[in-house]
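Engineer: This is the structure I have questions about; it appears just below.
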Amino acid sequence: MTLLSPYRVLDLTDDRGHLAGFILARLGAEVIAIEPPGGSPVRRLAPFDASGTSLTHASYARGKKSVEVDITTASGANALRQLAAGADVLIESAPPGHMASLGLAPEALAEINPALVTASISPFGQTGPKAGWAATDLTVWASGGPMHMCGDEDRAPLGVGVPQAFLHAAGQAATATVLALLERNQSGLGQHIDVSAQAVAMNSTMSSVLCSLVNAPLTLRGGGGIRSGPIRLRVVYPAKDGYVSFTHVFGAAIGPATGRMMALVHEAGFCDEATANKDWVQYGMALGDGSETLDKFERVKDCVAAFTASRTKDELFALALERRLLLAPVATTADLVASEQLASRDYWDVVDGERYPGHWMKPEPSDGSAHRVPAAGDHTAEVLASSRQPAVSAPPAPSEPERPLEGLKVLDFMWAVAGPTVSRLLADAGATVIRVESSVKLDAVRTFLPFIDNDPGPENGATFNNMNAGKLGITLNPATDAGREVAYDLVRWADVVCESYTPRIMRSWGLDYDSVRQLNPSVVMLSSCLYGQSGPLANFGGYGNLSGAMVGFYNITGWPDRAPVGPYGAITDYTSPHPATASLLAAIDHRRRTGEGRFLDFSQAEASVHFIAPVVLEYLRNGTVVGGRGNQSEHHCPHGVFPAAGDDRWVAVVAQDDHAWTVLAGLIGRPDLAALPLADRLARREELEAAVSAWTSRLDEADVEVQCQASGVAAHRVQNSPELAVDPQLAHRGHWVDVPHSTHGTTIIEAPRFTMSRSRVWPERAAPALGEHLYEVLTQHLGYDADKVAELAAAEAFD
């Protein structure tokens, strides 16, 4: 039985949500795409293959059934109601209020089917001052922060080469949907999920949106790197045949790897011994206090660039594997398709002889039999003629749990960002999450910017606090016999074990899945790393910037006439948690229904390919390697980020359709161009966007927003932390949360990116200090007495 096979999902989304249904279909649900007559508008979105098939649609329609229904008519709305009466889930991405205007609001559907889970994906959420704003993917990305941190500082901020805001929102919707199904199996009731694409986009800043709120310097774009205060960090370097990403960062976690790289640069003759032997752990502090000048750091980066430019990408990556360097090639889509790692894991789906991006974990939790792209209306007669009841395993309960995962016990060996993002949601939803750390080898994110009050320290990392809120924290040394004894008892205690180390680490501790299931046969275990548990790159360790480079995000993000810059930060740490969490929750739901445990061998890279699937298919079908295109779009024009009055002030403005262009042409004083159709606008893009730029540059951001939104044109200022801190829409949603913290009294973190109509999904406290809850966990959860705790401490069980 596949994980979600009992469930039927009605998918009413367009490109603002189609990934959600795709994720649920891959997890085994029956997903029915409800398309208007003639098919979804996504079927008409570029790029296309030689037959005229939309590669955007093909990327996310596979595995679904297609039913044509015009829900704007009375008969069509009635047909949808009949389908909803027997469905488990309905997902939609219409503008707020549209479904209600058709008599299809969540409350109305709940009267027909109280067990129905409904999920709404929208730019800013269903209510609030911006709920009705015109928006596109670009303007939402601008509203959430990651755009301000991406691009060259002498040009406009950049979006990612494939629009990301609604893909991330759809991934969050899939996760929240499975969470609601889990809760329904206790309460017997469905509920409504409200996903804000803006709030989800903010996750892609790795908590840099908190800078203003925790009194830290802003994170600013800096080409293939970032700026923080006076320090410029570089992560994109030249190679003989392209580019590589090198994590040129310092501190206890990454400094040793930087030292290994500098030793190699010295061996190759590109820097002197004194430069190679600098204290790379403390180097950031030296830059901060002025004992190392910024000019010297610039020379260090020049030395690294001269070295990388002397080798090919393959040569540099071979050295990275040999020397354990935090370096990876910036791959093109051609490189990705040729990946030996993906081939070794039989990654690609082959449907009718054509390749598509495939599984994100092994074993795949669906039967793999339904990965075709349906023609519009293929299943209309079949589905409308069928009768079905919702797959509810519990009758409506007189009382229901306040939090969906109350009683769930989770042992958390996650680290860095991607893994802790998964377990943070479990804690928000009420699970007891015990986070295992080492005080000797700190979680790298405890050493990452931004720091509270700009004061580096293991309890001051805003990102760590954000990613680990609500968890219980212990320190443990599983490399010792005593530490393993505690780890094994925790495994026996747990319902779920999750970890994000390279495979050799867990094996060395006797905590690989084969060992874990001997201790706890019904456990669900998620192992998440860059490339999964098998293949030639299984033990390649690193961060999401490296897999982002190797998957292809870096090469498609930048300007056509410059080196790629890549998205801000560790991009696959933001993409991969969505399918990872949805998959883990699906396995938990399956366990609750069947009693069966499950092992999820999850790959960040494999999952993240789906977030750029259209350009991957563009290479597979047409042989086209897509590179940096600035902020250009094949679907809209004008479509860009334009200067506003003031220093480094920008506004994303998009004519989302012909009517919006007609209005915008009037606003910018060019009514003579108002009748141009899209094809002509695309041909004259530079001229039109120069005219928009001349108009916006005379106004401040608020004026551009007000004039555009009043006229129905999509626009939003490009926000960073100061603007986000006072954003009225985020205030309406309660996005900034003060939580108690053992060191700081209170600190500010972010709320979950969605709300649920009945269940509380909310952080109760900040992240734990190192080892903060050790005694509590050992005595209250494992039942140890004080003597045993002392014995274990003497035996060096606790790092």
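So you can find residues: chains in the structure tokens are A, B, ... in the order shown, residues in each start at 1, and ligands are numbered from 1 in order.
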Name all residues at most 12 Å from Lys130 (chain A) (count only C-alpha atoms; drop same-chain ones fewer than 2 positions away) and give them as JSON, numbers by chain.
Structural biologist: {"A": [95, 96, 122, 123, 124, 125, 126, 127, 128, 132, 133, 134, 135, 140, 143, 196, 197, 198, 705, 706, 709, 710, 714, 715, 716, 727, 728, 729, 730, 731, 732, 733]}
Engineer: Any chance you could list, as a PyMOL selection string, the residues in region 36-173 of chain A that come up helix (DSSP H, G or I) when DSSP is run on the backbone?
Structural biologist: chain A and resi 41-44+55-61+74-86+98-101+106-112+137-144+165-173
Engineer: I want to know what sits within 8 Å of Leu158 (chain A), based on only C-alpha atoms, with residues of the same chain fewer than 5 positions away left out; could you give that as a PyMOL selection string?
Structural biologist: chain A and resi 147-148+150-151+557-558+630-631+641
Engineer: Go ahead and dump the residues you just picked, all heavy atoms, as an mmCIF file, in the first residue's frame.
Structural biologist:
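Now in part-v8.cif:
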data_model
loop_
_atom_site.group_PDB
_atom_site.id
_atom_site.type_symbol
_atom_site.label_atom_id
_atom_site.label_comp_id
_atom_site.auth_asym_id
_atom_site.auth_seq_id
_atom_site.Cartn_x
_atom_site.Cartn_y
_atom_site.Cartn_z
ATOM 1 N N MET A 147 14.486 38.258 -2.734
ATOM 2 C CA MET A 147 14.920 39.010 -3.908
ATOM 3 C C MET A 147 15.909 40.103 -3.532
ATOM 4 O O MET A 147 16.911 40.322 -4.243
ATOM 5 C CB MET A 147 13.713 39.617 -4.627
ATOM 6 C CG MET A 147 14.103 40.460 -5.833
ATOM 7 S SD MET A 147 12.679 41.214 -6.610
ATOM 8 C CE MET A 147 11.978 39.805 -7.453
ATOM 9 N N HIS A 148 15.679 40.787 -2.416
ATOM 10 C CA HIS A 148 16.559 41.889 -2.035
ATOM 11 C C HIS A 148 17.988 41.391 -1.795
ATOM 12 O O HIS A 148 18.942 42.164 -1.891
ATOM 13 C CB HIS A 148 16.024 42.576 -0.774
ATOM 14 C CG HIS A 148 16.501 43.992 -0.609
ATOM 15 N ND1 HIS A 148 17.809 44.317 -0.315
ATOM 16 C CD2 HIS A 148 15.828 45.179 -0.709
ATOM 17 C CE1 HIS A 148 17.928 45.631 -0.239
ATOM 18 N NE2 HIS A 148 16.743 46.176 -0.472
ATOM 19 N N CYS A 150 19.509 38.968 -3.542
ATOM 20 C CA CYS A 150 19.999 38.227 -4.699
ATOM 21 C C CYS A 150 20.319 39.178 -5.841
ATOM 22 O O CYS A 150 19.469 39.992 -6.233
ATOM 23 C CB CYS A 150 18.937 37.209 -5.134
ATOM 24 S SG CYS A 150 19.330 36.306 -6.638
ATOM 25 N N GLY A 151 21.529 39.059 -6.387
ATOM 26 C CA GLY A 151 21.888 39.844 -7.559
ATOM 27 C C GLY A 151 23.135 40.676 -7.345
ATOM 28 O O GLY A 151 23.722 40.706 -6.262
ATOM 29 N N THR A 557 20.253 31.709 -12.542
ATOM 30 C CA THR A 557 19.965 32.932 -11.786
ATOM 31 C C THR A 557 21.117 33.911 -11.972
ATOM 32 O O THR A 557 22.222 33.709 -11.463
ATOM 33 C CB THR A 557 19.761 32.614 -10.295
ATOM 34 O OG1 THR A 557 18.730 31.639 -10.161
ATOM 35 C CG2 THR A 557 19.379 33.859 -9.526
ATOM 36 N N GLY A 558 20.863 34.965 -12.718
ATOM 37 C CA GLY A 558 21.886 35.957 -13.009
ATOM 38 C C GLY A 558 21.507 36.719 -14.263
ATOM 39 O O GLY A 558 20.389 36.625 -14.772
ATOM 40 N N GLY A 630 18.200 37.510 -16.175
ATOM 41 C CA GLY A 630 17.760 38.660 -15.405
ATOM 42 C C GLY A 630 16.382 38.391 -14.837
ATOM 43 O O GLY A 630 16.113 37.321 -14.292
ATOM 44 N N ASN A 631 15.477 39.346 -14.977
ATOM 45 C CA ASN A 631 14.093 39.182 -14.509
ATOM 46 C C ASN A 631 13.113 39.014 -15.666
ATOM 47 O O ASN A 631 11.908 39.222 -15.506
ATOM 48 C CB ASN A 631 13.682 40.378 -13.647
ATOM 49 C CG ASN A 631 14.387 40.366 -12.296
ATOM 50 O OD1 ASN A 631 14.433 39.341 -11.619
ATOM 51 N ND2 ASN A 631 14.958 41.507 -11.914
ATOM 52 N N VAL A 641 12.084 44.482 -12.183
ATOM 53 C CA VAL A 641 12.325 45.175 -10.923
ATOM 54 C C VAL A 641 12.916 46.524 -11.281
ATOM 55 O O VAL A 641 13.971 46.588 -11.933
ATOM 56 C CB VAL A 641 13.264 44.352 -10.020
ATOM 57 C CG1 VAL A 641 13.565 45.119 -8.740
ATOM 58 C CG2 VAL A 641 12.647 42.990 -9.713
#
Engineer: I need the residue nearest Leu585 (chain A) from this list: A:Leu778, A:Ala482, A:Ala87, A:Leu425. Use only C-alpha atoms for the distance.
Structural biologist: A:Leu425
Engineer: For each of A:Pro722, A:Asp154, A:Met550, A:Ala665, take the minimum atom-to-atom distance to Thr219 (chain A), counting only C-alpha atoms, then give the residue where this is smallest.
Structural biologist: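 Using only C-alpha atoms, Thr219 (chain A) sits closest to A:Pro722.
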Engineer: What's around Ala691 (chain A) at 12 Å? Count only C-alpha atoms, leave out sequence neighbours fewer than 4 positions away in its own chain, and write the answer as number ranges by chain.
Structural biologist: A: 638, 640, 642-643, 664-671, 673, 684-687, 695-698
Engineer: Selection from above, C-alpha atoms, as an mmCIF file, in the first residue's frame, can you write it?
Structural biologist:
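The result, stored in selection_28.cif:
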data_model
loop_
_atom_site.group_PDB
_atom_site.id
_atom_site.type_symbol
_atom_site.label_atom_id
_atom_site.label_comp_id
_atom_site.auth_asym_id
_atom_site.auth_seq_id
_atom_site.Cartn_x
_atom_site.Cartn_y
_atom_site.Cartn_z
ATOM 1 C CA PRO A 638 6.750 44.404 -18.694
ATOM 2 C CA GLY A 640 10.855 43.480 -13.948
ATOM 3 C CA PHE A 642 12.556 48.908 -11.340
ATOM 4 C CA PRO A 643 14.295 51.665 -9.385
ATOM 5 C CA LEU A 664 0.111 50.630 -16.839
ATOM 6 C CA ALA A 665 0.790 52.300 -20.179
ATOM 7 C CA GLY A 666 -1.463 55.128 -19.041
ATOM 8 C CA LEU A 667 0.247 55.408 -15.658
ATOM 9 C CA ILE A 668 3.699 55.750 -17.217
ATOM 10 C CA GLY A 669 2.481 58.333 -19.729
ATOM 11 C CA ARG A 670 2.594 56.101 -22.812
ATOM 12 C CA PRO A 671 -1.027 55.611 -23.851
ATOM 13 C CA LEU A 673 1.530 51.830 -26.529
ATOM 14 C CA ARG A 684 9.925 45.611 -27.551
ATOM 15 C CA ARG A 685 10.724 44.608 -23.972
ATOM 16 C CA GLU A 686 13.761 46.832 -23.484
ATOM 17 C CA GLU A 687 11.914 49.907 -24.722
ATOM 18 C CA TRP A 695 8.351 56.480 -14.324
ATOM 19 C CA THR A 696 9.156 54.502 -11.155
ATOM 20 C CA SER A 697 12.472 56.273 -10.575
ATOM 21 C CA ARG A 698 10.613 59.546 -9.977
#
Engineer: Can you work out the spacing between CA of Ala286 (chain A) and CA of Val300 (chain A) in Å, to one decimal?
Structural biologist: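 Atom-to-atom, CA of Ala286 (chain A) to CA of Val300 (chain A), that is 13.9 Å.
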Engineer: Can you list every residue of region 580-668 of chain A that has an atom at most 9 Å from region 401-423 of chain A, with its nearest atom pair and the distance in Å to one decimal, using only C-alpha atoms, ordered by chain then number, as a Markdown table?
Structural biologist:
| residue | atom | partner | partner_atom | distance |
| --- | --- | --- | --- | --- |
| A:Ala580 | CA | A:Val422 | CA | 7.1 |
| A:Thr581 | CA | A:Val422 | CA | 5.4 |
| A:Leu584 | CA | A:Val422 | CA | 8.7 |
| A:Gln604 | CA | A:Ala418 | CA | 8.4 |
Engineer: Considering only C-alpha atoms, state which residue in the set A:Arg435, A:His635, A:Arg753, A:Arg221 is at the smallest distance from Asn720 (chain A).
Structural biologist: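 Answer, going by the shortest atom-to-atom distance: A:Arg221.
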Engineer: Using only C-alpha atoms, determine which residues lie at most 7 Å from Thr475 (chain A), disregarding the query and same-chain residues fewer than 6 positions distant; provide the list as a list in words.
Structural biologist: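 Residues near the query, excluding close chain neighbours: Val436, Glu437, Ser438, Ser439, Leu770, Gly771, Leu774, Phe798 and Asp799 of chain A.
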Engineer: For each of A:Ala33, A:Leu384, A:Met361, A:Ala77, take the minimum atom-to-atom distance to Gly532 (chain A), counting only C-alpha atoms, then give the residue where this is smallest.
Structural biologist: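 Smallest separation from Gly532 (chain A) among the options: A:Met361.
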Engineer: May I have a table of the residues of region 568-632 of chain A lying at most 9 Å from region 5-28 of chain A, giving each one's closest pair of atoms and their distance in Å to one decimal, counting only C-alpha atoms, ordered by chain and ascending residue number, as JSON lines?
Structural biologist:
{"residue": "A:Pro579", "atom": "CA", "partner": "A:Ile23", "partner_atom": "CA", "distance": 6.7}
{"residue": "A:Ala582", "atom": "CA", "partner": "A:Ile23", "partner_atom": "CA", "distance": 7.9}
{"residue": "A:Ser583", "atom": "CA", "partner": "A:Leu27", "partner_atom": "CA", "distance": 6.9}
{"residue": "A:Ala586", "atom": "CA", "partner": "A:Leu27", "partner_atom": "CA", "distance": 7.5}
{"residue": "A:His610", "atom": "CA", "partner": "A:Leu19", "partner_atom": "CA", "distance": 8.6}
{"residue": "A:Phe611", "atom": "CA", "partner": "A:Leu19", "partner_atom": "CA", "distance": 8.7}
Engineer: Only C-alpha atoms, please: the residues just picked out, written as a PDB file, in the first residue's frame.
Structural biologist:
ATOM      1  CA  PRO A 579       8.459  17.391  -0.018  1.00  0.00           C
ATOM      2  CA  ALA A 582       4.954  16.048   3.401  1.00  0.00           C
ATOM      3  CA  SER A 583       6.572  12.630   2.919  1.00  0.00           C
ATOM      4  CA  ALA A 586       2.431  10.777   5.079  1.00  0.00           C
ATOM      5  CA  HIS A 610      11.288  19.606  -9.323  1.00  0.00           C
ATOM      6  CA  PHE A 611      11.502  23.300  -8.454  1.00  0.00           C
TER       7      PHE A 611
END
Engineer: Between A:Ser51, A:Ala797, A:Phe754, A:Asp352, single out the one closest to Pro478 (chain A), counting only C-alpha atoms.
Structural biologist: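 Once distances to Pro478 (chain A) are computed over only C-alpha atoms, the minimum belongs to A:Ala797.
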Engineer: Pick the closest to Asp738 (chain A) from A:Cys498, A:Leu213, A:Ala79, A:Ala786: which is it, counting only C-alpha atoms?
Structural biologist: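 Looking at the shortest contact to Asp738 (chain A), the residue is A:Leu213.
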Engineer: Which distance in Å separates CA of Leu620 (chain A) and CA of Ser344 (chain A), to one decimal?
Structural biologist: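 Pair CA of Leu620 (chain A) / CA of Ser344 (chain A) returns 18.6 Å.
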